[in-house]
>>> print(open('coords03.cif').read())   # mmCIF, C-alpha atoms
data_coords
#
loop_
_atom_site.label_atom_id
_atom_site.label_comp_id
_atom_site.auth_asym_id
_atom_site.auth_seq_id
_atom_site.Cartn_x
_atom_site.Cartn_y
_atom_site.Cartn_z
CA MET G 724 120.11 -104.04 2.35
CA LYS G 725 118.96 -107.48 1.26
CA PRO G 726 115.49 -108.33 2.68
CA TYR G 727 115.37 -110.88 5.46
CA PRO G 728 112.42 -113.01 4.37
CA VAL G 729 109.28 -114.11 6.14
CA THR G 730 109.34 -117.84 5.37
CA GLU G 731 105.97 -118.78 6.87
CA ILE G 732 102.78 -116.98 7.87
CA ARG G 733 100.34 -118.74 10.19
CA ASP G 734 97.10 -117.35 11.59
CA LEU G 735 96.67 -118.58 15.16
CA SER G 736 93.39 -116.73 15.74
CA PRO G 737 91.45 -113.87 14.15
CA HIS G 738 93.56 -111.56 16.35
CA LEU G 739 96.95 -113.22 15.99
CA ARG G 740 99.34 -113.93 13.14
CA LEU G 741 102.76 -115.62 13.35
CA LEU G 742 105.57 -114.49 11.04
CA ARG G 743 108.43 -116.97 10.81
CA PHE G 744 111.95 -116.06 9.62
CA PRO G 745 114.94 -118.29 8.87
CA VAL G 746 115.85 -117.75 12.54
CA GLY G 747 113.09 -116.92 15.00
CA GLN G 748 109.69 -115.36 14.57
CA ALA G 749 107.54 -112.30 15.25
CA TYR G 750 103.83 -111.88 15.87
CA LEU G 751 101.12 -109.45 14.78
CA TRP G 752 98.26 -108.80 17.20
CA ARG G 753 95.07 -107.14 15.93
CA ASP G 754 92.68 -104.90 17.88
CA GLY G 755 90.10 -103.80 15.32
CA SER G 756 92.00 -101.67 12.82
CA ASP G 757 95.05 -101.25 15.08
CA LEU G 758 97.95 -103.69 15.05
CA THR G 759 100.84 -104.41 17.41
CA LEU G 760 104.04 -106.12 16.27
CA ILE G 761 105.78 -108.25 18.89
CA ASP G 762 109.45 -108.51 17.90
CA ALA G 763 110.71 -107.52 14.47
CA GLY G 764 113.15 -110.07 13.06
CA ALA G 765 116.73 -109.40 12.01
CA TYR G 766 118.25 -106.66 9.86
CA GLY G 767 116.36 -106.47 6.56
CA ALA G 768 113.04 -107.76 7.95
CA GLY G 769 111.22 -104.43 7.79
CA ARG G 770 109.89 -104.65 4.23
CA PRO G 771 108.92 -108.35 4.45
CA ILE G 772 106.98 -107.56 7.63
CA ALA G 773 105.23 -104.71 5.81
CA GLU G 774 104.21 -107.15 3.07
CA ALA G 775 102.84 -109.57 5.67
CA VAL G 776 100.81 -106.73 7.16
CA ARG G 777 99.35 -105.90 3.73
CA ASP G 778 98.60 -109.59 3.19
CA TRP G 779 96.44 -109.42 6.34
CA GLY G 780 94.38 -106.62 4.83
CA HIS G 781 96.10 -103.74 6.62
CA ALA G 782 98.49 -100.93 5.80
CA PRO G 783 101.86 -100.79 7.58
CA GLN G 784 100.66 -97.56 9.18
CA ASP G 785 98.02 -99.61 11.05
CA VAL G 786 100.83 -101.00 13.20
CA ARG G 787 100.82 -98.56 16.10
CA ARG G 788 103.62 -100.06 18.15
CA ILE G 789 106.48 -102.57 18.10
CA VAL G 790 107.06 -104.33 21.42
CA LEU G 791 110.54 -105.87 21.62
CA THR G 792 111.04 -108.70 24.10
CA HIS G 793 114.81 -108.11 24.21
CA PHE G 794 117.69 -106.55 22.32
CA HIS G 795 119.14 -109.52 20.39
CA GLU G 796 119.57 -108.98 16.66
CA ASP G 797 117.13 -111.70 15.54
CA HIS G 798 114.34 -109.93 17.47
CA ALA G 799 115.24 -106.25 17.29
CA GLY G 800 117.32 -105.87 14.13
CA GLY G 801 114.36 -105.13 11.86
CA ALA G 802 112.62 -102.73 14.27
CA ALA G 803 114.13 -99.45 13.05
CA GLU G 804 113.43 -100.20 9.38
CA PHE G 805 109.83 -101.23 10.02
CA ALA G 806 109.26 -98.23 12.33
CA ARG G 807 110.48 -95.94 9.55
CA LEU G 808 108.11 -97.59 7.05
CA SER G 809 105.08 -97.59 9.36
CA GLY G 810 105.55 -94.79 11.86
CA ALA G 811 105.13 -97.30 14.70
CA GLU G 812 106.45 -96.52 18.17
CA ILE G 813 109.11 -98.90 19.53
CA LEU G 814 108.76 -100.14 23.10
CA ALA G 815 111.29 -102.16 25.13
CA HIS G 816 112.36 -102.68 28.72
CA HIS G 817 114.43 -99.83 30.09
CA LEU G 818 117.43 -102.12 30.72
CA ASP G 819 117.62 -103.29 27.08
CA ALA G 820 116.60 -100.01 25.42
CA PRO G 821 120.15 -98.53 25.26
CA TYR G 822 121.35 -101.52 23.21
CA ILE G 823 118.35 -101.26 20.87
CA ARG G 824 119.15 -97.57 20.31
CA GLY G 825 122.75 -98.52 19.51
CA GLU G 826 124.21 -96.56 22.40
CA HIS G 827 126.28 -99.52 23.61
CA PRO G 828 126.99 -103.05 22.38
CA GLY G 829 124.88 -105.57 24.24
CA PRO G 830 126.45 -108.09 26.63
CA GLU G 831 127.24 -111.53 25.23
CA PRO G 832 125.48 -114.66 26.50
CA VAL G 833 127.25 -117.07 28.82
CA PHE G 834 127.25 -120.17 26.64
CA GLU G 835 126.86 -123.73 27.83
CA ASP G 836 129.31 -125.91 25.87
CA TRP G 837 126.48 -127.69 24.04
CA GLU G 838 124.99 -124.35 22.96
CA ARG G 839 128.02 -123.21 20.95
CA PRO G 840 127.38 -125.27 17.80
CA ILE G 841 123.68 -124.27 17.90
CA HIS G 842 124.71 -120.63 18.10
CA GLU G 843 127.13 -121.00 15.19
CA THR G 844 124.37 -122.53 13.06
CA ALA G 845 121.99 -119.70 13.95
CA LEU G 846 124.59 -117.05 13.12
CA ALA G 847 125.16 -118.62 9.72
CA ALA G 848 121.45 -118.26 8.92
CA LEU G 849 121.27 -114.60 9.99
CA PRO G 850 122.18 -111.73 7.68
CA ALA G 851 125.52 -110.07 8.29
CA PRO G 852 125.03 -106.83 10.23
CA PRO G 853 125.25 -103.84 7.89
CA ALA G 854 128.33 -101.65 8.06
CA HIS G 855 126.11 -98.82 9.31
CA PRO G 856 123.10 -100.43 10.99
CA GLU G 857 119.91 -98.43 11.34
CA PHE G 858 118.95 -97.83 14.96
CA PRO G 859 115.66 -96.33 16.16
CA PRO G 860 116.04 -92.69 17.22
CA SER G 861 113.79 -93.30 20.21
CA VAL G 862 112.52 -96.22 22.27
CA ARG G 863 109.73 -95.94 24.81
CA GLU G 864 111.13 -97.54 27.95
CA LEU G 865 108.93 -100.04 29.77
CA LYS G 866 108.88 -100.96 33.44
CA ASP G 867 108.17 -104.31 35.08
CA GLY G 868 104.44 -104.83 35.52
CA GLU G 869 103.43 -101.90 33.29
CA LEU G 870 99.99 -102.17 31.69
CA LEU G 871 99.71 -101.37 27.98
CA ASP G 872 96.06 -100.40 27.52
CA GLY G 873 96.03 -100.46 23.73
CA ILE G 874 96.79 -104.16 23.32
CA GLY G 875 94.15 -106.84 23.81
CA GLY G 876 92.19 -104.94 26.44
CA GLY G 877 95.32 -104.53 28.54
CA ALA G 878 98.70 -106.24 28.12
CA VAL G 879 100.99 -106.74 31.11
CA VAL G 880 104.75 -106.29 30.77
CA VAL G 881 106.07 -109.33 32.65
CA PRO G 882 109.74 -109.28 33.70
CA ALA G 883 111.60 -112.27 32.26
CA ALA G 884 115.22 -111.49 33.03
CA GLY G 885 117.92 -114.07 32.48
CA HIS G 886 118.09 -114.36 28.72
CA THR G 887 119.03 -110.68 28.84
CA GLU G 888 118.78 -108.42 31.84
CA GLY G 889 115.88 -106.55 30.26
CA SER G 890 114.01 -109.48 28.72
CA ILE G 891 110.23 -109.25 29.00
CA ALA G 892 107.19 -111.32 28.20
CA LEU G 893 103.86 -109.82 27.19
CA HIS G 894 100.73 -111.29 28.81
CA LEU G 895 97.21 -110.62 27.52
CA PRO G 896 95.10 -111.94 30.43
CA HIS G 897 91.74 -111.19 28.74
CA HIS G 898 92.72 -113.51 25.89
CA GLY G 899 94.94 -116.00 27.72
CA VAL G 900 97.85 -115.21 25.38
CA LEU G 901 101.50 -115.07 26.44
CA PHE G 902 104.41 -113.90 24.28
CA THR G 903 107.54 -115.26 25.97
CA GLY G 904 110.33 -113.91 23.77
CA ASP G 905 113.35 -116.15 24.28
CA ALA G 906 112.66 -116.90 27.95
CA ILE G 907 110.95 -120.11 26.77
CA ALA G 908 111.25 -121.97 23.45
CA ALA G 909 109.94 -125.04 21.67
CA SER G 910 112.43 -127.54 20.28
CA PRO G 911 112.59 -127.59 16.47
CA VAL G 912 113.01 -131.38 16.64
CA ASP G 913 109.98 -132.47 18.68
CA SER G 914 108.30 -129.20 19.82
CA GLN G 915 109.18 -130.02 23.43
CA ILE G 916 108.94 -126.89 25.60
CA VAL G 917 112.33 -125.90 26.97
CA LEU G 918 114.19 -123.10 28.68
CA GLY G 919 115.47 -120.62 26.10
CA VAL G 920 119.13 -120.90 25.15
CA PHE G 921 122.02 -118.38 25.05
CA ASN G 922 121.26 -116.81 28.42
CA GLN G 923 123.24 -114.15 30.24
CA GLN G 924 122.18 -115.49 33.66
CA ARG G 925 120.87 -119.03 33.54
CA PRO G 926 119.71 -119.20 37.21
CA GLN G 927 117.63 -116.06 36.70
CA ALA G 928 116.32 -117.45 33.41
CA VAL G 929 115.07 -120.55 35.26
CA ARG G 930 113.30 -118.34 37.83
CA SER G 931 111.67 -116.40 35.00
CA PHE G 932 110.52 -119.63 33.35
CA HIS G 933 108.79 -120.72 36.56
CA HIS G 934 107.13 -117.33 36.92
CA LEU G 935 105.85 -117.30 33.34
CA ALA G 936 104.55 -120.84 33.77
CA SER G 937 102.44 -119.69 36.72
CA LEU G 938 100.40 -117.27 34.58
CA ASP G 939 96.95 -118.09 33.29
CA THR G 940 97.76 -118.94 29.68
CA ASP G 941 95.89 -120.78 26.98
CA LEU G 942 98.08 -119.83 23.98
CA ALA G 943 101.85 -119.44 24.36
CA CYS G 944 103.91 -117.78 21.62
CA PHE G 945 107.67 -118.32 21.70
CA GLY G 946 110.50 -116.49 20.00
CA HIS G 947 111.64 -119.81 18.54
CA GLY G 948 109.56 -122.90 17.87
CA ASP G 949 105.92 -123.74 17.39
CA PRO G 950 103.37 -122.06 19.68
CA VAL G 951 101.23 -124.04 22.10
CA THR G 952 97.70 -123.24 20.98
CA SER G 953 95.58 -124.69 23.80
CA ASP G 954 95.98 -125.27 27.55
CA ALA G 955 99.46 -123.78 27.32
CA GLY G 956 99.71 -123.03 31.04
CA ALA G 957 99.64 -126.72 31.92
CA ALA G 958 102.29 -127.48 29.30
CA LEU G 959 104.53 -124.66 30.56
CA ARG G 960 104.19 -125.78 34.17
CA ALA G 961 105.02 -129.39 33.29
CA SER G 962 108.19 -128.27 31.54
CA ALA G 963 109.17 -125.74 34.22
CA ALA G 964 108.94 -128.50 36.82
CA THR G 965 111.89 -130.24 35.16
CA TYR G 966 114.14 -127.25 36.01
CA ASP G 967 115.06 -126.95 39.67
CA LEU G 968 114.64 -123.44 41.06
CA PRO G 969 118.02 -122.04 42.12
CA ALA G 970 118.53 -121.56 45.83
#
>>> encode(input="coords03.cif", output="structure tokens")
Amino acid sequence: MKPYPVTEIRDLSPHLRLLRFPVGQAYLWRDGSDLTLIDAGAYGAGRPIAEAVRDWGHAPQDVRRIVLTHFHEDHAGGAAEFARLSGAEILAHHLDAPYIRGEHPGPEPVFEDWERPIHETALAALPAPPAHPEFPPSVRELKDGELLDGIGGGAVVVPAAGHTEGSIALHLPHHGVLFTGDAIAASPVDSQIVLGVFNQQRPQAVRSFHHLASLDTDLACFGHGDPVTSDAGAALRASAATYDLPA
């Protein structure tokens, strides 16, 4: 399969590296010699991710785990290939895990009218799914609120349902870092922080946005758009306040 390229690499801290693709992005988190990959790009991203790991002075086998924020192709499509190359364990919320394993097709978003042309543009930039896509043979299923001890001194699995039913964020409270997946995004035009698009349940997505904004966060990493690298909690709360909580 044709590689899906990493188009930009940006080091956000000594622990954290952003990998940008034509659509969306993934992150590498470093704890000493052990790495964690948060999201894995689309189909064909496995080998480009491995090269980005080597560029950081590590072997792909140093990546111990891949945490997927949700099942959508631009975040989970490259997971099986990279897991095969590295031996990394794949982790995802129990509600999205069956789609990541390829057991069932995932539910489609409920599109707002204005989202449809954006979605068509994104699809055009993604690789066509292979005739026989590679799915991971196993996925460790996560629960809401679970603590992952091996990441940043303890990473909390934060439920962020709405974009998909099993969407999660990953919060590293000891470092003030939040990985939001597609629950929150930054506009490619002006970097304004916004609710993520292409949601299955928009009212629930708005509730999740407000909850994520309430966390103690200094650095916020989105699935799409530039991260907020300082005082991110204040920026998230200011944006969340523009979305009325559903009754």
>>> closest_atom_pairs(input="coords03.cif", of="stretch 867-926 of chain G", to="stretch 953-956 of chain G", cutoff="10 Å", atoms="all atoms listed in the file", output="JSON lines")
{"residue": "G:Gly899", "atom": "CA", "partner": "G:Ala955", "partner_atom": "CA", "distance": 9.0}
{"residue": "G:Val900", "atom": "CA", "partner": "G:Ala955", "partner_atom": "CA", "distance": 8.9}
{"residue": "G:Leu901", "atom": "CA", "partner": "G:Ala955", "partner_atom": "CA", "distance": 9.0}
>>> closest_residue(input="coords03.cif", among="G:Ile841, G:Ala820, G:Ala964, G:Leu739", to="G:Ala943", atoms="only C-alpha atoms")
G:Leu739
>>> closest_residue(input="coords03.cif", among="G:Leu968, G:Ala848, G:Val951, G:Ile789", to="G:Leu760", atoms="all atoms listed in the file")
G:Ile789
>>> closest_residue(input="coords03.cif", among="G:Thr844, G:Ser756, G:Asn922, G:Ser861", to="G:Ala802", atoms="only C-alpha atoms")
G:Ser861
>>> atom_distance(input="coords03.cif", atom1="atom CA of G:Gly755", atom2="atom CA of G:Leu938")
25.7 Å
>>> atom_distance(input="coords03.cif", atom1="atom CA of G:Gly800", atom2="atom CA of G:Pro896")
28.2 Å
>>> closest_residue(input="coords03.cif", among="G:Cys944, G:Ala749, G:Glu796, G:Tyr966", to="G:Phe858", atoms="all atoms listed in the file")
G:Glu796
>>> atom_distance(input="coords03.cif", atom1="atom CA of G:Glu864", atom2="atom CA of G:Val790")
10.3 Å
>>> closest_residue(input="coords03.cif", among="G:Asp867, G:Ala765, G:Pro860, G:Glu843", to="G:Pro821", atoms="all atoms listed in the file")
G:Pro860
>>> closest_residue(input="coords03.cif", among="G:Ala763, G:Ala909, G:Ile874, G:Ala811", to="G:Arg743", atoms="all atoms listed in the file")
G:Ala763
>>> resolve_selection(input="coords03.cif", expression="the PyMOL selection byres ((chain G and resi 829) around 10)", output="CSV table (one decimal) with C-alpha atoms, keeping the file's coordinate frame")
chain,number,residue,atom,x,y,z
G,794,PHE,CA,117.7,-106.6,22.3
G,795,HIS,CA,119.1,-109.5,20.4
G,796,GLU,CA,119.6,-109.0,16.7
G,819,ASP,CA,117.6,-103.3,27.1
G,821,PRO,CA,120.2,-98.5,25.3
G,822,TYR,CA,121.4,-101.5,23.2
G,823,ILE,CA,118.4,-101.3,20.9
G,825,GLY,CA,122.8,-98.5,19.5
G,826,GLU,CA,124.2,-96.6,22.4
G,827,HIS,CA,126.3,-99.5,23.6
G,828,PRO,CA,127.0,-103.0,22.4
G,830,PRO,CA,126.4,-108.1,26.6
G,831,GLU,CA,127.2,-111.5,25.2
G,832,PRO,CA,125.5,-114.7,26.5
G,887,THR,CA,119.0,-110.7,28.8
>>> residues_around(input="coords03.cif", residues="G:Gln748", least_positions_apart="3", cutoff="7 Å", atoms="only C-alpha atoms", output="PyMOL selection string")
chain G and resi 742-744+764+946-947
>>> decode(input="coords03.cif", residues="stretch 789-914 of chain G", atoms="C-alpha atoms", output="compact mmCIF listing (two decimals), in the first residue's frame")
# COMPACT_ATOMS: atom_id res chain seq x y z
CA ILE G 789 -1.04 3.03 20.63
CA VAL G 790 -3.96 4.86 22.24
CA LEU G 791 -6.74 5.55 19.74
CA THR G 792 -9.15 8.37 20.57
CA HIS G 793 -11.84 6.93 18.28
CA PHE G 794 -12.40 4.59 15.36
CA HIS G 795 -12.44 6.97 12.37
CA GLU G 796 -10.10 6.06 9.53
CA ASP G 797 -7.90 9.17 9.74
CA HIS G 798 -7.05 8.27 13.37
CA ALA G 799 -7.14 4.47 13.45
CA GLY G 800 -6.39 3.37 9.88
CA GLY G 801 -2.62 3.16 10.39
CA ALA G 802 -2.77 1.43 13.78
CA ALA G 803 -2.63 -2.20 12.63
CA GLU G 804 0.33 -1.59 10.30
CA PHE G 805 2.33 0.29 12.91
CA ALA G 806 1.49 -2.29 15.60
CA ARG G 807 2.80 -5.01 13.31
CA LEU G 808 6.03 -3.06 12.73
CA SER G 809 6.58 -2.17 16.38
CA GLY G 810 4.84 -4.79 18.48
CA ALA G 811 2.89 -2.03 20.24
CA GLU G 812 -0.37 -2.82 22.03
CA ILE G 813 -3.48 -1.03 20.71
CA LEU G 814 -5.85 0.54 23.24
CA ALA G 815 -9.29 2.06 22.57
CA HIS G 816 -12.59 2.61 24.33
CA HIS G 817 -14.68 -0.54 24.56
CA LEU G 818 -17.52 1.03 22.53
CA ASP G 819 -15.27 1.83 19.53
CA ALA G 820 -13.02 -1.24 19.74
CA PRO G 821 -15.26 -3.52 17.60
CA TYR G 822 -15.05 -1.07 14.68
CA ILE G 823 -11.26 -0.81 15.04
CA ARG G 824 -11.01 -4.61 14.93
CA GLY G 825 -13.13 -4.60 11.75
CA GLU G 826 -15.95 -6.61 13.30
CA HIS G 827 -18.60 -4.13 12.15
CA PRO G 828 -18.66 -0.98 10.02
CA GLY G 829 -18.73 2.11 12.19
CA PRO G 830 -21.80 4.37 12.31
CA GLU G 831 -21.79 7.40 10.03
CA PRO G 832 -21.78 10.96 11.43
CA VAL G 833 -24.93 13.06 11.39
CA PHE G 834 -23.77 15.89 9.15
CA GLU G 835 -24.73 19.52 9.47
CA ASP G 836 -25.36 20.91 5.97
CA TRP G 837 -22.29 23.15 6.14
CA GLU G 838 -20.10 20.17 7.09
CA ARG G 839 -20.73 18.20 3.90
CA PRO G 840 -18.33 20.09 1.61
CA ILE G 841 -15.65 20.00 4.34
CA HIS G 842 -16.10 16.25 4.61
CA GLU G 843 -15.84 15.81 0.83
CA THR G 844 -12.59 17.77 0.80
CA ALA G 845 -11.18 15.65 3.63
CA LEU G 846 -12.15 12.41 1.90
CA ALA G 847 -10.38 13.53 -1.27
CA ALA G 848 -7.14 13.99 0.70
CA LEU G 849 -7.34 10.57 2.39
CA PRO G 850 -6.05 7.39 0.76
CA ALA G 851 -8.67 5.05 -0.65
CA PRO G 852 -9.28 2.18 1.78
CA PRO G 853 -7.47 -0.96 0.61
CA ALA G 854 -9.53 -3.79 -0.83
CA HIS G 855 -8.49 -5.91 2.16
CA PRO G 856 -7.70 -3.51 5.00
CA GLU G 857 -5.43 -4.67 7.80
CA PHE G 858 -7.19 -4.74 11.16
CA PRO G 859 -5.51 -5.33 14.53
CA PRO G 860 -6.09 -8.86 15.84
CA SER G 861 -6.63 -7.50 19.33
CA VAL G 862 -7.50 -4.21 21.02
CA ARG G 863 -7.24 -3.62 24.74
CA GLU G 864 -10.59 -2.15 25.71
CA LEU G 865 -10.57 0.93 27.93
CA LYS G 866 -13.18 2.13 30.39
CA ASP G 867 -14.20 5.67 31.30
CA GLY G 868 -11.92 7.08 33.97
CA GLU G 869 -9.31 4.31 33.69
CA LEU G 870 -5.78 5.24 34.76
CA LEU G 871 -2.92 4.24 32.46
CA ASP G 872 0.11 4.12 34.76
CA GLY G 873 2.75 3.88 32.04
CA ILE G 874 2.06 7.26 30.43
CA GLY G 875 3.29 10.51 31.95
CA GLY G 876 3.08 9.34 35.54
CA GLY G 877 -0.55 8.38 35.07
CA ALA G 878 -2.86 9.20 32.16
CA VAL G 879 -6.62 9.39 32.67
CA VAL G 880 -9.02 8.05 30.04
CA VAL G 881 -11.61 10.84 29.85
CA PRO G 882 -14.94 10.01 28.18
CA ALA G 883 -15.61 12.36 25.26
CA ALA G 884 -18.63 10.81 23.59
CA GLY G 885 -20.47 12.63 20.84
CA HIS G 886 -18.02 12.57 17.97
CA THR G 887 -18.35 8.80 18.25
CA GLU G 888 -19.99 6.91 21.05
CA GLY G 889 -16.61 5.65 22.25
CA SER G 890 -14.55 8.80 21.75
CA ILE G 891 -12.03 9.49 24.50
CA ALA G 892 -9.55 12.15 25.48
CA LEU G 893 -6.30 11.39 27.29
CA HIS G 894 -5.36 13.68 30.20
CA LEU G 895 -1.89 13.75 31.75
CA PRO G 896 -2.56 15.75 34.94
CA HIS G 897 1.09 15.68 36.12
CA HIS G 898 2.10 17.47 32.92
CA GLY G 899 -1.04 19.52 32.22
CA VAL G 900 -1.40 17.88 28.79
CA LEU G 901 -4.72 16.97 27.16
CA PHE G 902 -5.16 14.98 23.95
CA THR G 903 -8.71 15.70 22.78
CA GLY G 904 -9.01 13.56 19.66
CA ASP G 905 -11.77 15.07 17.54
CA ALA G 906 -13.91 16.24 20.46
CA ILE G 907 -12.25 19.67 20.04
CA ALA G 908 -10.38 21.13 17.06
CA ALA G 909 -8.56 24.27 15.97
CA SER G 910 -9.66 26.00 12.79
CA PRO G 911 -7.15 25.71 9.93
CA VAL G 912 -8.00 29.29 8.95
CA ASP G 913 -7.38 31.22 12.17
CA SER G 914 -6.60 28.54 14.82
